[in-house]
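Below is one structure; the comments refer to it alone.
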Amino acid sequence: MTPEPHPDQQDTPTAPPAAPGPREEDGPPRAAPGPREEGGPPREAPGARGSAAATGLRRETLAAAWRRARGQEWLAGLWGRVPGHGWLAGLWRRRVRGHGWFAGVLAAGVALRVAAMLGYRPALWFPDTYTYVVTVFRPRPDLVRPAGYSMFLKLFEPLHSFAVVTAAQHLLGLATGVLVYVVAVRRAPRWAATLAAVPVLLDAYQVELEHLLVSDTLFMFLVVAAVALALRGRPPVVAIGLLLAAATLTRTVGQPFVVLAVAWVALRGRLRPAVTLLAVALVPILAYGAWFYAAHQRVGLVGANGVFLYARTMSFADCAEMNPPPDLRTLCDPRPPSRRPPSQEYIWSKDSPLVARPGITFTEETDALAGRFARLAITSQPLDYAASVLSELGRTFTWDRPVYPDPEIYGYYQFPRTPPGPPGRYPARVGAQFAERYEQGPIGTRIVEPFAGWLRGYQAVARVPGSLLLVALLTPPAAALWRRRSANRGPRGGAWRRVPDRLLPWSAGRGPRVGAWRRVPDWLVPWSAAVVLLVVPAAVAEFDYRYVLPAAPLAFLAAALGLRGRSEEGKGFVKDIPRNVRA
């Protein structure tokens with residue numbers, strides 16, 4: 001059947017009928033497909049290049065243009081033989097394109113970690129490392145540290161290589177940066193999401209911490225992963241509960257996060273999932289507590305809470321003001337607080353009144369006695385305790401990085417110039433023997449130049465100052481207050497989610513409706529987690545630089561979420577709507 005002429009051409013019957021052309025939204029016409037090589041991309045049809053050059057309508061991919069300019073057609077066939085090449089190309093188009101800045105930051109983070117693996121082989125050691133290694137071969141709960149990180153080391157024990165452990169920790173650090181970006185980019189501008197991921201990916205001290213055989217990197221990943229899942233539309237409460245339980249069994253400071261997660265899910269109007277989350281998290285924790293009780297006949301996850309709290313209070317405790325009973329007076333320090341050593345010395349130093357007692361420091365009797373002393377000091381001098389906590393917390397937010405608590409501990413967080421010496425304390429020497437059994441060979445750190453020198457130079461200039469961390473923590477509440485004031489002045493809304501009173505579970509005896517959001521901002525979850533990570537160590541132990549680093553990705557994630565405005569919220573809402581149903 002001959003197509004009818006176009007209406008514009010009806011007055012000129014001598015002209016041939018026009019073939020139906022492509023619509024404007026369909027884009028320019030494509031060249032006719034040519035024969036496809038085995039496993040390779042389609043080849044151009046004869047004459048297609050000339051036609052495209054004449055009309056200027058053919059779109060060329062960068063890869064096709066580069067192949068034609070170089071004359072390397074064999075690359076197309078080689079790429080076609082790569083297993084899953086179509087999936088990789090689709091992944092690039094769907095996921096990576098448009099995220100170039102973050103891809104560059106991620107690539108730089110990978111390069112830094114590769115340099116650490118090459119420059120310091122196989123790992124860097126910390127005094128706590130040896131305790132973790134002992135628990136790998138003697139599966140018994142430790143009195144000071146939970147066994148979560150030892151279980152992590154046990155996973156790689158058949159490989160007999162600490163280099164594999166550090167590589168896994170570096171991958172966890174990179175995965176943490178990816179999680180921060182993925183969560184932030186769904187709710188904030190891409191530039192803000194990229195900046196939120198920079199501290200965990202590019203901070204030199206973060207890279208060094210990942211190369212240390214300590215539990216902080218694993219703990220950081222578990223907490224950030226739980227926070228990322230909690231911010232989903234329907235949080236997977238079982239996965240969140242298991243992640244937080246694993247974090248608690250890695251570092252006991254993870255216990256408050258279970259309460260935070262349960263409260264967050266409950267505030268979103270899902271009381272039954274909140275109860276499920278609590279139950280799932282408690283099962284592993286209670287099981288570990290039962291194991292700990294069977295081993296030590298003591299209730300808890302560790303047996304050193306009283307000792308650490310005692311050491312914390314010795315920065316201000318004044319026995320003249322406390323007036324302790326005779327059994328507690330043996331733990332007093334006659335020196336004025338200004339002349340006392342850092343808190344940790346009261347746990348490990350031979351001059352400590354606690355260490356001078358008969359038996360080991362962490363017996364049940366000694367821990368209970370230290371706990372009584374600490375509680376008496378806090379209740380007798382509450383203002384002094386609060387001032388001491390604020391003083392320790394203030395060390396987090398300084399611009400520079402002064403030596404604290406002592407040069408030995410501070411030096412463990414620097415990329416060394418010379419190989420560290422063997423451990424000096426007896427428990428560490430015993431742990432070193434088990435470490436050689438783990439490695440099936442001698443242990444130590446071999447420094448390889450120039451990679452080690454590059455990292456030392458990078459560490460001298462590339463770190464996140466504490467003052468910048470403070471700015472990140474202040475950004476979300478400040479932005480929320482500003483939006484609240486703007487909303488009160490006019491019809492413009494803020495970042496707070498609002499629901500009618502009839503949807504609230506406490507109104508008129510109504511029950512909660514599924515999916516009903518409360519007046520709780522998204523940034524509050526990572527923000528509260530970061531605050532807990534910073535405040536709890538300062539309140540019950542002491543400030544330590546490695547305790548700050550796991551809080552940084554959460555603080556900057558909260559800052560990115562707090563920066564989003566009404567326009568970003570609208571864009572994020574539209575992105576969640578399938579393209580085929582958008583207006």
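Convention: chains lettered A, B, ... in structure tokens order; per-chain residue numbering from 1; ligands numbered from 1 as shown.
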For segment 347-356 of chain A, list every protein, DNA or RNA residue within 9 Å, evaluated using only C-alpha atoms, and leave out those in the same chain fewer than 6 positions away; present the list as a list of chain:residue names. A:Val307, A:Phe308, A:Tyr310, A:Ala311, A:Thr330, A:Leu331, A:Cys332, A:Asp333, A:Thr366, A:Ala370
Go ahead and save the residues from that selection, with N, CA and C atoms, as a CSV table (one decimal), in the first residue's frame.
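What follows is the written file selection.csv:
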chain,number,residue,atom,x,y,z
A,307,VAL,N,37.4,-1.3,86.2
A,307,VAL,CA,38.8,-0.8,86.1
A,307,VAL,C,38.9,0.4,85.2
A,308,PHE,N,38.3,0.3,84.0
A,308,PHE,CA,38.4,1.4,83.1
A,308,PHE,C,37.7,2.7,83.6
A,310,TYR,N,37.4,3.4,86.8
A,310,TYR,CA,38.3,3.9,87.8
A,310,TYR,C,39.4,4.8,87.2
A,311,ALA,N,40.0,4.2,86.2
A,311,ALA,CA,41.1,5.0,85.6
A,311,ALA,C,40.6,6.3,85.0
A,330,THR,N,42.6,2.7,99.7
A,330,THR,CA,43.9,2.1,99.1
A,330,THR,C,44.0,2.5,97.7
A,331,LEU,N,43.0,2.9,97.0
A,331,LEU,CA,43.0,3.2,95.6
A,331,LEU,C,43.2,4.7,95.3
A,332,CYS,N,43.4,5.5,96.4
A,332,CYS,CA,43.6,6.9,96.2
A,332,CYS,C,45.0,7.2,95.7
A,333,ASP,N,45.1,8.3,95.0
A,333,ASP,CA,46.4,8.9,94.6
A,333,ASP,C,46.6,10.2,95.3
A,366,THR,N,38.8,-7.1,92.3
A,366,THR,CA,39.4,-5.9,91.9
A,366,THR,C,38.6,-5.0,91.0
A,370,ALA,N,37.2,-1.3,92.1
A,370,ALA,CA,37.4,-0.1,91.2
A,370,ALA,C,36.1,0.5,90.8
With a distance cut-off of 8 Å and only C-alpha atoms, select the neighbouring residues of segment 194-201 of chain A, excluding the residue or stretch itself and same-chain residues fewer than 4 positions from it, and output the selection as a ChimeraX atom specification. /A:101-102,105-106,108-109,173-174,176-178,180-181,184,190,206-207,463-464,552-553,556-557,559-560
Give me the residues within 7 Å of segment 139-152 of chain A as a list in words, counting only C-alpha atoms and dropping any in the same chain fewer than 2 places off.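 Counting only the stated atoms, we get Tyr132, Val133, Thr135, Val136, Phe137, Lys154, Leu155, Ser215, Ala246, Leu249, Thr250, Arg251, Phe292, Ala295, Leu301, Val302, Gly303, Ala304 and Phe362 of chain A.
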Exercise: Pro537 of chain A partners within 12 Å, only C-alpha atoms, chain neighbours under 3 positions left out, as an NGL selection string: :A and (251-254 or 305 or 308-309 or 312 or 343 or 389-390 or 392-393 or 396 or 530-534 or 540-548 or 551)
To one decimal place, how far is atom CA of Pro341 of chain A from atom CA of Thr361 of chain A in Å?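 Result for atom CA of Pro341 of chain A versus atom CA of Thr361 of chain A: 18.2 Å, one decimal.
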What's around segment 407-418 of chain A at 7 Å? Count only C-alpha atoms, leave out sequence neighbours fewer than 4 positions away in its own chain, and write the answer as a VMD selection string. chain A and resid 126 205 208 to 209 403 456
Enumerate as an MDAnalysis selection string all residues of segment 335-507 of chain A assigned to alpha helix (DSSP H) by DSSP on the backbone, naming them with the chain letters and numbers the document uses. chainID A and resid 345:348 364:380 382:394 407:411 426:439 451:459 466:489
For a test of reading the model, state the distance in Å between atom CA of Trp399 of chain A and atom CA of Leu469 of chain A, rounded to one decimal.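 These two atoms are separated by 9.6 Å.
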Looking at A:Pro326, A:Pro405, A:Pro526, A:Pro122, which one is nearest to Phe162 of chain A, with distances taken over only C-alpha atoms? A:Pro122
For Gln381 of chain A, the nearest of the candidates A:Thr445, A:Thr363, A:Ser315, A:Gln459, counting only C-alpha atoms: A:Ser315
Between atom CA of Leu218 of chain A and atom CA of Trp125 of chain A, what is the distance in Å, rounded to a tenth?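 The value is 15.9 Å.
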